[in-house]
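One structure below.
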2 protein chains.
Amino acid sequence: MMEIAQLPVYRDRHLTLLTDLYQLTMMYGQFNAGRHEIRVVFDVFYRSNPCGNGYVVAAGLEQVAWYLYHLKFTEGDIAYLRSLNMFSEAFLEYLRNFSFHGDVYAIPEGTLVFPNEPLLRVEGPIVEVQLIESAILSFINHQSLIATKARRIVEAARTNPLHPGSPVIEMGLRRAQNVDASVFGARAAYIGGCVGTSNLMAGESYNIPVSGTQGHSWIQSFPSELDAFLAYAEAFPEETVLLVDTYDVLRSGVPNAIEVGRRMRDAGRSLKAIRIDSGDLAYLSKRARRMLDAAGLTDVKIIASSDLDEYTIRDLVTQGAEIDAWGVGTHLITSSECPALGCVYKLVAQQVDGVWEPRIKVSENPNKVTNPGRKKVLRLFVDNQAVADLIALDYEHFDPSEPLELFDPIHTYKRKVIENYRIEELLVPIFERGQLVYELPQAHDIRERVDLQVEQFAAEIRRPLKPHEYHVDLSQELWDLKQSLLHQWRKPEGKKG
Amino acid sequence: MMEIAQLPVYRDRHLTLLTDLYQLTMMYGQFNAGRHEIRVVFDVFYRSNPCGNGYVVAAGLEQVAWYLYHLKFTEGDIAYLRSLNMFSEAFLEYLRNFSFHGDVYAIPEGTLVFPNEPLLRVEGPIVEVQLIESAILSFINHQSLIATKARRIVEAARTNPLHPGSPVIEMGLRRAQNVDASVFGARAAYIGGCVGTSNLMAGESYNIPVSGTQGHSWIQSFPSELDAFLAYAEAFPEETVLLVDTYDVLRSGVPNAIEVGRRMRDAGRSLKAIRIDSGDLAYLSKRARRMLDAAGLTDVKIIASSDLDEYTIRDLVTQGAEIDAWGVGTHLITSSECPALGCVYKLVAQQVDGVWEPRIKVSENPNKVTNPGRKKVLRLFVDNQAVADLIALDYEHFDPSEPLELFDPIHTYKRKVIENYRIEELLVPIFERGQLVYELPQAHDIRERVDLQVEQFAAEIRRPLKPHEYHVDLSQELWDLKQSLLHQWRKPEGKKG
């Protein structure tokens, strides 16, 4: 944990008050009622995939770990809480010695996850587990959203038949929703498959490759476009990328870039790429490619940027755009089509007289009824292909040598028996009694994990539009428990939830 | 500046590397070419209003001021830049002594602004002015966007005929795009007219009123809903707000709240409000209102939350929903409908041999052609009503006692003469030669400024859907300059930009 505490993005930050006031009022209420040590289990999960995608790329756990590890109330925090005139001195004194003593299980970053699966399971005294809801949700919601959006964009670019595997660079800092959105967003975009970022703070914090060349102002600041190009080639002879759309791509930018490319070739060097940042990218890239090729500059790459997202990239690719690499900003860094993931944090179990009791949240909307109890998530593989996830109670045991009948938790007549399957348990311990027991992987390793994960799922599930719905089933025992709690609730005398 | 440096949201943060790599490569290129001291002017402006709104509420300037005031390269920053193997030691040594020496003019936070107006004008050596582009844009784009979205939502709630001026509370922390999006977002929402936030870190940082009661888990953690309500009333007798939708609003939540309300009344206290967080808010609020009234609890307010935005609030109000206050989360804190504002940062003037020369950015898209020169923004008032904004060259003088002919800069036949007008100059000095010369107002004062500003504009301009377009005109002299630069550019020998 020492290393991540030194990351520029975390250094010296104190986030204990990054919470909703109602967490403090509930903590105080429990404290006041002498109930604050009651042990509870909360699940973090979401109910539907963002952007119509078939899955979510889990991300944000490192930030959760850093936050919990550093959680304490400073004197400044306590002074502020006192100023609200809502809390007793006894409670404020209690906060002075507060730290997180709970257990956290989580699905590692870079795992593909699905609706209703617990991504984190947090267990501990209610007063501790309550405080941390808001921050945990913000971290997981944000980073998982951007990693998922990045994956959608990266998949669109990689399936380019003319330029297979064409890379995507994240460059959204100026449109990000403030500092952390840009830095943790760049991390999430990298995890999702981007090859790099323009953002230096993200590059430094997470060892993400950084890239960038020049903007229009560079070109404008010189007496002519050619002067500007030559000055850039002089400063960066090994990495000369020229922005060709400041005045006129085909009549000025590309001809001047060709002039520079020829001079560099004569000097035994080579122009690396041109960048087109406006106009019709299909038309301009095809014309520019022909002009470059005709000048013998067949190795010069074409980079495109300008309001790109997965849909535009797919259309450009379909139209045979000659684009070797993509710079994506706004739509990636904000996930503009769907700028929030809806992870929630729900009480699922509580100790009463030393015995765990399941808890359920009833709702008029059946989608919002929670899965009760302390649970685990099992991914079931047949022939190394993920065929279904099974949410089961923590203590259940499944023997992969026996056939297993799965059923849809809503339309229970839909059933399927699997045999010779392999089980992967997705939730792993992160904190035990407040101690961090998990070795946090590097962003680069998480990024590789995503590539491996994606291969485990059928292409139909990875389709960007209207994907096939991956099966997330409940074990028979969990399903029975849920039904019995729902029926118990429906009886007038059973309104305990 | 001392005070804001101590705000919890800024404390100890170092953001110099919050920039795109291409700013550093351009700085290095200019340094290498001996051109880094060239004085330039850049404008910050946006091209179209977000969410179909008629204006933008300017916000984010405080963050810009803090950032520029603290701008310096640490040894850590320089070590990171060295590790990229792109920059000479001479340049890194230069950065070691870097600070901002430029001039900044800005339109104060809380001002209503319009497309193409310079919100900031930054002037200084190109090497300094270049570095700061990305961070400035991120701050201004984010906070102006959220302030504008908040204003839309607040206007929808205030025009509630049953509950005129019904307040909006920002509560989006858990869905915000990470820490800063939630904290600076809460500030912007407050500026836009929200009465408070649930976010304690924002409350502490900006002295924003905080509010919050209990979540579903509070209710679930007690043996019964009534027990939970009573325990809460015990802990917060003066501020008892009860969440009534954990099990069943009308059959359980409201009856239990009425029971608590009666007991509190008998004890000489009073139940403050109930909160409904799911279901059909029009139906449930009307039914709940009748039940509360029938029990004599006519003073108990009803607070609604659940996926609200300006459109849903307007529809609920139209349907006579009995809602006294609104809690708004996701759609406000992400501006979900349009999660990015597109402010750009463009070179508009440059000193050549001690003389200022205007610069223009040409584009295939006429909307993207910039307004050249060092400019000011004048707001013109007739009878205390803002009738047009005029973008003029910095040195131009207008005499309000003489009639002034305004014309549409695109459709120039559209003309209008105003007389007896008053001029307000919108850009004010913030930094002079690197010194902060502006007293940064409190968030609360900026919030009041917005209310005053809004009154200066015709209702047609403030309409949330398809508003009348406010006139933003160019002075004759600026228009002539722009045309002459464009014609000059169109001549083959004139490709200087």
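Letters for chains follow the order of the structure tokens (A, B, ...), residue numbers begin at 1 for each chain, and ligand numbers begin at 1 in the order shown.
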
Please, which residues of chain A lie no more than 6 Å from chain B when the count uses only C-alpha atoms, and can they be set out as a PyMOL selection string?
-> chain A and resi 17-22+26+29+134+137-139+142+174-178+180-181+198-201+212-214+217+223-224+235+247+336+339-340+347+362+496

Please produce an output containing N, CA and C atoms for each residue in the selection, written as a short mmCIF file (atom, residue, chain, number, x, y, z; two decimals), in the first residue's frame.
```cif
data_model
loop_
_atom_site.label_atom_id
_atom_site.label_comp_id
_atom_site.auth_asym_id
_atom_site.auth_seq_id
_atom_site.Cartn_x
_atom_site.Cartn_y
_atom_site.Cartn_z
N LEU A 17 -14.41 13.24 4.70
CA LEU A 17 -15.71 13.93 4.60
C LEU A 17 -16.33 13.79 3.21
N LEU A 18 -15.71 13.01 2.35
CA LEU A 18 -16.34 12.74 1.05
C LEU A 18 -17.46 11.72 1.28
N THR A 19 -18.53 12.21 1.87
CA THR A 19 -19.66 11.34 2.18
C THR A 19 -20.91 12.20 2.25
N ASP A 20 -22.05 11.55 2.19
CA ASP A 20 -23.31 12.29 2.32
C ASP A 20 -23.62 12.49 3.80
N LEU A 21 -24.17 13.64 4.10
CA LEU A 21 -24.53 13.92 5.49
C LEU A 21 -25.38 12.79 6.09
N TYR A 22 -26.24 12.19 5.29
CA TYR A 22 -27.11 11.17 5.89
C TYR A 22 -26.35 9.95 6.40
N MET A 26 -27.13 8.80 10.14
CA MET A 26 -27.45 7.40 10.47
C MET A 26 -26.46 6.82 11.46
N GLY A 29 -27.37 8.21 14.74
CA GLY A 29 -28.58 7.56 15.25
C GLY A 29 -28.29 6.18 15.81
N SER A 134 -20.92 6.33 0.13
CA SER A 134 -20.95 7.34 -0.94
C SER A 134 -19.65 7.35 -1.73
N LEU A 137 -19.14 4.11 -3.83
CA LEU A 137 -19.97 4.11 -5.03
C LEU A 137 -19.44 5.06 -6.09
N SER A 138 -19.00 6.23 -5.67
CA SER A 138 -18.48 7.19 -6.65
C SER A 138 -17.27 6.60 -7.38
N PHE A 139 -16.35 5.99 -6.63
CA PHE A 139 -15.13 5.44 -7.26
C PHE A 139 -15.47 4.31 -8.23
N HIS A 142 -17.67 5.51 -11.29
CA HIS A 142 -16.96 6.29 -12.29
C HIS A 142 -15.98 5.45 -13.10
N ARG A 174 -9.52 18.12 -21.20
CA ARG A 174 -10.16 19.45 -21.19
C ARG A 174 -11.68 19.38 -21.09
N ARG A 175 -12.26 18.22 -21.38
CA ARG A 175 -13.71 18.09 -21.30
C ARG A 175 -14.13 17.20 -20.13
N ALA A 176 -13.16 16.74 -19.36
CA ALA A 176 -13.48 15.87 -18.22
C ALA A 176 -14.19 16.67 -17.13
N GLN A 177 -14.97 15.98 -16.31
CA GLN A 177 -15.68 16.64 -15.22
C GLN A 177 -14.74 16.84 -14.03
N ASN A 178 -13.76 17.69 -14.27
CA ASN A 178 -12.78 18.12 -13.29
C ASN A 178 -11.62 17.13 -13.12
N ASP A 180 -10.16 14.81 -11.02
CA ASP A 180 -10.17 13.36 -10.81
C ASP A 180 -10.83 12.62 -11.95
N ALA A 181 -11.83 13.23 -12.55
CA ALA A 181 -12.48 12.58 -13.69
C ALA A 181 -11.48 12.37 -14.82
N SER A 198 -3.19 11.53 -23.19
CA SER A 198 -2.50 12.81 -23.34
C SER A 198 -2.19 13.45 -21.99
N ASN A 199 -2.79 12.90 -20.91
CA ASN A 199 -2.81 13.53 -19.59
C ASN A 199 -1.55 13.18 -18.79
N LEU A 200 -0.68 14.16 -18.57
CA LEU A 200 0.59 13.88 -17.90
C LEU A 200 0.41 13.43 -16.46
N MET A 201 -0.57 13.99 -15.76
CA MET A 201 -0.77 13.60 -14.37
C MET A 201 -1.20 12.13 -14.29
N GLY A 212 1.30 13.00 -27.53
CA GLY A 212 0.80 14.33 -27.87
C GLY A 212 1.78 15.01 -28.79
N THR A 213 1.28 15.89 -29.61
CA THR A 213 2.16 16.52 -30.58
C THR A 213 2.00 18.03 -30.53
N GLN A 214 1.15 18.59 -31.39
CA GLN A 214 0.96 20.04 -31.36
C GLN A 214 -0.50 20.38 -31.62
N SER A 217 -2.67 26.18 -32.27
CA SER A 217 -1.99 27.42 -31.90
C SER A 217 -0.50 27.36 -32.25
N PRO A 223 5.13 32.08 -38.77
CA PRO A 223 4.78 32.86 -39.97
C PRO A 223 4.05 32.02 -41.03
N SER A 224 4.38 30.73 -41.13
CA SER A 224 3.65 29.90 -42.09
C SER A 224 3.52 28.49 -41.52
N ALA A 235 12.51 20.00 -33.37
CA ALA A 235 12.47 19.75 -31.92
C ALA A 235 12.28 18.26 -31.62
N TYR A 247 -5.31 25.14 -41.60
CA TYR A 247 -5.79 26.05 -42.66
C TYR A 247 -6.64 25.30 -43.68
N SER A 336 -20.28 10.04 -22.69
CA SER A 336 -21.33 11.04 -22.91
C SER A 336 -22.71 10.45 -23.14
N PRO A 339 -23.63 8.97 -18.87
CA PRO A 339 -22.53 9.43 -18.02
C PRO A 339 -22.55 8.96 -16.57
N ALA A 340 -23.42 8.01 -16.25
CA ALA A 340 -23.38 7.48 -14.87
C ALA A 340 -23.69 5.99 -14.89
N LEU A 347 -28.01 -3.11 2.14
CA LEU A 347 -27.92 -4.00 3.29
C LEU A 347 -28.50 -5.36 2.93
N VAL A 362 -37.58 -4.56 -0.32
CA VAL A 362 -38.75 -4.77 -1.15
C VAL A 362 -38.94 -3.51 -2.00
N LYS A 496 -41.23 -6.92 8.43
CA LYS A 496 -39.97 -6.61 9.07
C LYS A 496 -38.88 -6.35 8.03
#
```

Determine which residues of stretch 100-286 of chain A DSSP labels as helix (DSSP H, G or I) from the backbone of this structure, then write them out as a PyMOL selection string.
-> chain A and resi 126-131+133-158+173-175+179-192+200-206+216-220+225-235+249-266+281-286

Near-A:Val454 list (10 Å; only C-alpha atoms; drop same-chain fewer than 2 positions) as a list in words = Tyr55, Val57, Gly110, Thr111, Leu112, Arg151, Ala386, Arg449, Val450, Asp451, Leu452, Gln456, Phe457, Ala458, Ala459, Ile461 and Arg462 of chain A

Can I get the selected residues back with N, CA and C atoms, as an mmCIF file, in the first residue's frame?
```cif
data_model
loop_
_atom_site.group_PDB
_atom_site.id
_atom_site.type_symbol
_atom_site.label_atom_id
_atom_site.label_comp_id
_atom_site.auth_asym_id
_atom_site.auth_seq_id
_atom_site.Cartn_x
_atom_site.Cartn_y
_atom_site.Cartn_z
ATOM 1 N N TYR A 55 -21.925 -5.985 -20.860
ATOM 2 C CA TYR A 55 -21.181 -6.234 -19.617
ATOM 3 C C TYR A 55 -20.600 -4.921 -19.123
ATOM 4 N N VAL A 57 -16.842 -3.495 -17.362
ATOM 5 C CA VAL A 57 -15.472 -3.787 -16.947
ATOM 6 C C VAL A 57 -15.284 -3.218 -15.538
ATOM 7 N N GLY A 110 -10.769 -5.120 -13.784
ATOM 8 C CA GLY A 110 -10.482 -5.735 -15.076
ATOM 9 C C GLY A 110 -11.317 -6.970 -15.353
ATOM 10 N N THR A 111 -12.145 -7.370 -14.388
ATOM 11 C CA THR A 111 -13.046 -8.505 -14.603
ATOM 12 C C THR A 111 -14.302 -8.015 -15.311
ATOM 13 N N LEU A 112 -14.829 -8.823 -16.214
ATOM 14 C CA LEU A 112 -16.132 -8.507 -16.812
ATOM 15 C C LEU A 112 -17.220 -8.904 -15.817
ATOM 16 N N ARG A 151 -13.722 0.313 -23.539
ATOM 17 C CA ARG A 151 -13.709 -0.988 -24.210
ATOM 18 C C ARG A 151 -14.556 -0.963 -25.474
ATOM 19 N N ALA A 386 -17.049 -18.931 -20.694
ATOM 20 C CA ALA A 386 -17.955 -18.602 -19.585
ATOM 21 C C ALA A 386 -19.387 -18.811 -20.066
ATOM 22 N N ARG A 449 -5.547 -8.084 -18.126
ATOM 23 C CA ARG A 449 -6.600 -8.965 -17.632
ATOM 24 C C ARG A 449 -7.894 -8.784 -18.448
ATOM 25 N N VAL A 450 -8.191 -7.536 -18.792
ATOM 26 C CA VAL A 450 -9.408 -7.287 -19.568
ATOM 27 C C VAL A 450 -9.342 -8.020 -20.908
ATOM 28 N N ASP A 451 -8.202 -7.912 -21.572
ATOM 29 C CA ASP A 451 -8.068 -8.603 -22.863
ATOM 30 C C ASP A 451 -8.302 -10.103 -22.708
ATOM 31 N N LEU A 452 -7.755 -10.682 -21.649
ATOM 32 C CA LEU A 452 -7.932 -12.121 -21.424
ATOM 33 C C LEU A 452 -9.379 -12.444 -21.095
ATOM 34 N N GLN A 456 -12.969 -14.834 -22.950
ATOM 35 C CA GLN A 456 -13.702 -15.936 -22.305
ATOM 36 C C GLN A 456 -15.200 -15.911 -22.622
ATOM 37 N N PHE A 457 -15.637 -14.852 -23.262
ATOM 38 C CA PHE A 457 -17.077 -14.709 -23.501
ATOM 39 C C PHE A 457 -17.391 -14.804 -24.989
ATOM 40 N N ALA A 458 -18.562 -15.340 -25.282
ATOM 41 C CA ALA A 458 -18.993 -15.476 -26.668
ATOM 42 C C ALA A 458 -19.081 -14.103 -27.321
ATOM 43 N N ALA A 459 -18.798 -14.054 -28.616
ATOM 44 C CA ALA A 459 -18.826 -12.787 -29.350
ATOM 45 C C ALA A 459 -20.203 -12.138 -29.260
ATOM 46 N N ILE A 461 -22.113 -11.838 -26.799
ATOM 47 C CA ILE A 461 -22.247 -11.064 -25.558
ATOM 48 C C ILE A 461 -21.462 -9.754 -25.658
ATOM 49 N N ARG A 462 -20.485 -9.727 -26.530
ATOM 50 C CA ARG A 462 -19.614 -8.556 -26.655
ATOM 51 C C ARG A 462 -20.081 -7.610 -27.753
#
```

For stretch 397-414 of chain A, work out the shell of residues within 10 Å, counting only C-alpha atoms and skipping chain neighbours fewer than 3 positions away, then give it as a PDB file with N, CA and C atoms, in the first residue's frame.
```pdb
ATOM      1  N   PRO A 366     -40.194  -4.723  -9.298  1.00  0.00           N
ATOM      2  CA  PRO A 366     -39.549  -6.014  -9.005  1.00  0.00           C
ATOM      3  C   PRO A 366     -38.062  -6.030  -9.320  1.00  0.00           C
ATOM      4  N   ASN A 367     -37.618  -5.208 -10.299  1.00  0.00           N
ATOM      5  CA  ASN A 367     -36.185  -5.122 -10.607  1.00  0.00           C
ATOM      6  C   ASN A 367     -35.369  -4.637  -9.429  1.00  0.00           C
ATOM      7  N   LEU A 378     -20.103 -17.052  -8.566  1.00  0.00           N
ATOM      8  CA  LEU A 378     -19.332 -18.096  -9.229  1.00  0.00           C
ATOM      9  C   LEU A 378     -19.468 -17.955 -10.739  1.00  0.00           C
ATOM     10  N   LEU A 380     -19.083 -19.875 -14.209  1.00  0.00           N
ATOM     11  CA  LEU A 380     -19.064 -21.264 -14.634  1.00  0.00           C
ATOM     12  C   LEU A 380     -18.558 -21.344 -16.075  1.00  0.00           C
ATOM     13  N   ALA A 388     -22.237 -19.029 -17.681  1.00  0.00           N
ATOM     14  CA  ALA A 388     -23.195 -18.373 -16.785  1.00  0.00           C
ATOM     15  C   ALA A 388     -22.475 -17.965 -15.512  1.00  0.00           C
ATOM     16  N   ASP A 389     -23.013 -16.957 -14.834  1.00  0.00           N
ATOM     17  CA  ASP A 389     -22.575 -16.642 -13.473  1.00  0.00           C
ATOM     18  C   ASP A 389     -23.671 -17.091 -12.530  1.00  0.00           C
ATOM     19  N   LEU A 390     -23.262 -17.573 -11.375  1.00  0.00           N
ATOM     20  CA  LEU A 390     -24.219 -18.067 -10.396  1.00  0.00           C
ATOM     21  C   LEU A 390     -24.005 -17.297  -9.092  1.00  0.00           C
ATOM     22  N   ALA A 392     -24.724 -17.246  -5.323  1.00  0.00           N
ATOM     23  CA  ALA A 392     -25.114 -18.274  -4.356  1.00  0.00           C
ATOM     24  C   ALA A 392     -24.857 -17.763  -2.951  1.00  0.00           C
ATOM     25  N   LEU A 393     -25.394 -18.434  -1.980  1.00  0.00           N
ATOM     26  CA  LEU A 393     -25.094 -18.075  -0.594  1.00  0.00           C
ATOM     27  C   LEU A 393     -23.671 -18.503  -0.277  1.00  0.00           C
ATOM     28  N   ASP A 394     -23.071 -17.740   0.595  1.00  0.00           N
ATOM     29  CA  ASP A 394     -21.645 -17.874   0.853  1.00  0.00           C
ATOM     30  C   ASP A 394     -21.227 -19.297   1.215  1.00  0.00           C
ATOM     31  N   VAL A 417     -29.045 -27.616 -18.051  1.00  0.00           N
ATOM     32  CA  VAL A 417     -28.143 -28.410 -17.203  1.00  0.00           C
ATOM     33  C   VAL A 417     -26.745 -28.340 -17.794  1.00  0.00           C
ATOM     34  N   ILE A 418     -25.764 -28.019 -16.949  1.00  0.00           N
ATOM     35  CA  ILE A 418     -24.384 -28.033 -17.449  1.00  0.00           C
ATOM     36  C   ILE A 418     -23.604 -29.136 -16.749  1.00  0.00           C
ATOM     37  N   GLU A 419     -22.646 -29.660 -17.484  1.00  0.00           N
ATOM     38  CA  GLU A 419     -21.801 -30.742 -16.961  1.00  0.00           C
ATOM     39  C   GLU A 419     -20.348 -30.426 -17.270  1.00  0.00           C
ATOM     40  N   ASN A 420     -19.489 -31.111 -16.549  1.00  0.00           N
ATOM     41  CA  ASN A 420     -18.042 -30.918 -16.776  1.00  0.00           C
ATOM     42  C   ASN A 420     -17.671 -29.444 -16.816  1.00  0.00           C
ATOM     43  N   TYR A 421     -18.134 -28.742 -15.873  1.00  0.00           N
ATOM     44  CA  TYR A 421     -17.860 -27.315 -15.852  1.00  0.00           C
ATOM     45  C   TYR A 421     -16.755 -27.003 -14.850  1.00  0.00           C
ATOM     46  N   ARG A 422     -16.249 -25.816 -14.955  1.00  0.00           N
ATOM     47  CA  ARG A 422     -15.202 -25.339 -14.064  1.00  0.00           C
ATOM     48  C   ARG A 422     -15.741 -24.110 -13.343  1.00  0.00           C
ATOM     49  N   ILE A 423     -15.396 -23.947 -12.070  1.00  0.00           N
ATOM     50  CA  ILE A 423     -15.893 -22.818 -11.274  1.00  0.00           C
ATOM     51  C   ILE A 423     -14.762 -21.833 -11.002  1.00  0.00           C
ATOM     52  N   HIS A 471     -26.126 -15.068 -18.931  1.00  0.00           N
ATOM     53  CA  HIS A 471     -26.943 -15.600 -17.837  1.00  0.00           C
ATOM     54  C   HIS A 471     -26.333 -15.301 -16.470  1.00  0.00           C
ATOM     55  N   VAL A 472     -27.097 -14.627 -15.651  1.00  0.00           N
ATOM     56  CA  VAL A 472     -26.713 -14.468 -14.242  1.00  0.00           C
ATOM     57  C   VAL A 472     -27.843 -15.078 -13.427  1.00  0.00           C
ATOM     58  N   ASP A 473     -27.591 -16.255 -12.889  1.00  0.00           N
ATOM     59  CA  ASP A 473     -28.638 -17.008 -12.202  1.00  0.00           C
ATOM     60  C   ASP A 473     -28.429 -17.005 -10.698  1.00  0.00           C
ATOM     61  N   LEU A 474     -29.480 -17.338  -9.990  1.00  0.00           N
ATOM     62  CA  LEU A 474     -29.374 -17.512  -8.542  1.00  0.00           C
ATOM     63  C   LEU A 474     -29.351 -19.007  -8.247  1.00  0.00           C
ATOM     64  N   SER A 475     -28.628 -19.380  -7.203  1.00  0.00           N
ATOM     65  CA  SER A 475     -28.684 -20.780  -6.777  1.00  0.00           C
ATOM     66  C   SER A 475     -30.101 -21.071  -6.275  1.00  0.00           C
ATOM     67  N   GLN A 476     -30.457 -22.355  -6.302  1.00  0.00           N
ATOM     68  CA  GLN A 476     -31.795 -22.734  -5.817  1.00  0.00           C
ATOM     69  C   GLN A 476     -31.998 -22.240  -4.379  1.00  0.00           C
ATOM     70  N   TRP A 479     -32.513 -18.484  -4.287  1.00  0.00           N
ATOM     71  CA  TRP A 479     -33.825 -18.183  -4.871  1.00  0.00           C
ATOM     72  C   TRP A 479     -34.934 -18.495  -3.861  1.00  0.00           C
TER      73      TRP A 479
END
```

Please identify all polymer residues within 10 Å of stretch 265-269 of chain B, counting only C-alpha atoms, omitting same-chain residues fewer than 5 positions from it, and present them as a PyMOL selection string.
-> chain B and resi 233+237-238+240+259-260+297

Where in stretch 18-57 of chain A does DSSP assign strand (DSSP E), given as a ChimeraX atom specification?
-> /A:39-45,56-57

Tell me which of A:Leu7, A:Ile323, A:Glu357, A:Tyr438 sits closest to A:Pro161, counting only C-alpha atoms.
->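 Of the candidates, the smallest distance to A:Pro161 is held by A:Ile323.
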
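For the atom pair formed by atom CA of A:Gln63 and atom CA of A:Arg187, the distance is 11.1 Å, given to one decimal.
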
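Atom CA of A:Pro108 lies 22.8 Å from atom CA of A:Gly52.
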
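Separating atom CA of A:Ala157 from atom CA of A:Val113 is a distance of 22.4 Å.
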
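Residues in contact range of B:Val104, defined as at most 8 Å between only C-alpha atoms, with sequence neighbours fewer than 6 positions away removed, read Leu120, Arg121, Val122, Glu123, Pro429, Ile430, Phe431 and Glu432 of chain B.
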
Export of prior selection with all heavy atoms as a JSON list (two decimals), in the first residue's frame:
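Output file part_8.json is given in full below:
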```
[["chain", "number", "residue", "atom", "x", "y", "z"],
["B", 120, "LEU", "N", -12.64, 34.05, -20.69],
["B", 120, "LEU", "CA", -11.34, 34.44, -20.16],
["B", 120, "LEU", "C", -10.49, 34.91, -21.33],
["B", 120, "LEU", "O", -10.61, 34.39, -22.45],
["B", 120, "LEU", "CB", -10.59, 33.24, -19.53],
["B", 120, "LEU", "CG", -10.84, 32.91, -18.08],
["B", 120, "LEU", "CD1", -12.05, 32.00, -17.97],
["B", 120, "LEU", "CD2", -9.63, 32.23, -17.46],
["B", 121, "ARG", "N", -9.63, 35.86, -21.03],
["B", 121, "ARG", "CA", -8.64, 36.31, -22.01],
["B", 121, "ARG", "C", -7.31, 36.21, -21.29],
["B", 121, "ARG", "O", -7.12, 36.85, -20.24],
["B", 121, "ARG", "CB", -8.95, 37.75, -22.40],
["B", 121, "ARG", "CG", -8.16, 38.25, -23.59],
["B", 121, "ARG", "CD", -8.56, 39.69, -23.88],
["B", 121, "ARG", "NE", -7.78, 40.60, -23.07],
["B", 121, "ARG", "CZ", -8.13, 41.87, -22.82],
["B", 121, "ARG", "NH1", -9.26, 42.37, -23.29],
["B", 121, "ARG", "NH2", -7.35, 42.63, -22.09],
["B", 122, "VAL", "N", -6.43, 35.40, -21.80],
["B", 122, "VAL", "CA", -5.15, 35.14, -21.14],
["B", 122, "VAL", "C", -4.04, 35.70, -22.02],
["B", 122, "VAL", "O", -4.00, 35.44, -23.22],
["B", 122, "VAL", "CB", -4.94, 33.62, -20.93],
["B", 122, "VAL", "CG1", -3.64, 33.37, -20.19],
["B", 122, "VAL", "CG2", -6.12, 33.02, -20.17],
["B", 123, "GLU", "N", -3.17, 36.47, -21.41],
["B", 123, "GLU", "CA", -2.11, 37.13, -22.18],
["B", 123, "GLU", "C", -0.78, 36.95, -21.46],
["B", 123, "GLU", "O", -0.70, 37.11, -20.24],
["B", 123, "GLU", "CB", -2.44, 38.63, -22.26],
["B", 123, "GLU", "CG", -1.45, 39.45, -23.04],
["B", 123, "GLU", "CD", -1.88, 40.93, -23.10],
["B", 123, "GLU", "OE1", -3.11, 41.19, -23.15],
["B", 123, "GLU", "OE2", -1.00, 41.79, -23.06],
["B", 429, "PRO", "N", -10.13, 42.39, -14.65],
["B", 429, "PRO", "CA", -8.77, 41.86, -14.42],
["B", 429, "PRO", "C", -8.73, 40.88, -13.25],
["B", 429, "PRO", "O", -9.28, 41.15, -12.19],
["B", 429, "PRO", "CB", -7.92, 43.10, -14.13],
["B", 429, "PRO", "CG", -8.87, 44.23, -13.94],
["B", 429, "PRO", "CD", -10.22, 43.84, -14.43],
["B", 430, "ILE", "N", -8.07, 39.75, -13.46],
["B", 430, "ILE", "CA", -7.92, 38.72, -12.43],
["B", 430, "ILE", "C", -6.44, 38.61, -12.03],
["B", 430, "ILE", "O", -6.10, 38.65, -10.85],
["B", 430, "ILE", "CB", -8.43, 37.35, -12.93],
["B", 430, "ILE", "CG1", -9.83, 37.45, -13.56],
["B", 430, "ILE", "CG2", -8.41, 36.32, -11.79],
["B", 430, "ILE", "CD1", -10.93, 37.90, -12.63],
["B", 431, "PHE", "N", -5.58, 38.47, -13.01],
["B", 431, "PHE", "CA", -4.13, 38.49, -12.78],
["B", 431, "PHE", "C", -3.52, 39.61, -13.62],
["B", 431, "PHE", "O", -3.90, 39.81, -14.78],
["B", 431, "PHE", "CB", -3.47, 37.17, -13.22],
["B", 431, "PHE", "CG", -3.68, 36.03, -12.27],
["B", 431, "PHE", "CD1", -4.83, 35.25, -12.33],
["B", 431, "PHE", "CD2", -2.72, 35.72, -11.31],
["B", 431, "PHE", "CE1", -5.02, 34.18, -11.47],
["B", 431, "PHE", "CE2", -2.91, 34.66, -10.43],
["B", 431, "PHE", "CZ", -4.06, 33.89, -10.51],
["B", 432, "GLU", "N", -2.60, 40.34, -13.02],
["B", 432, "GLU", "CA", -1.80, 41.30, -13.78],
["B", 432, "GLU", "C", -0.35, 40.97, -13.56],
["B", 432, "GLU", "O", 0.13, 40.93, -12.43],
["B", 432, "GLU", "CB", -2.11, 42.74, -13.31],
["B", 432, "GLU", "CG", -3.48, 43.21, -13.79],
["B", 432, "GLU", "CD", -3.85, 44.62, -13.30],
["B", 432, "GLU", "OE1", -3.08, 45.18, -12.48],
["B", 432, "GLU", "OE2", -4.90, 45.13, -13.72]]
```
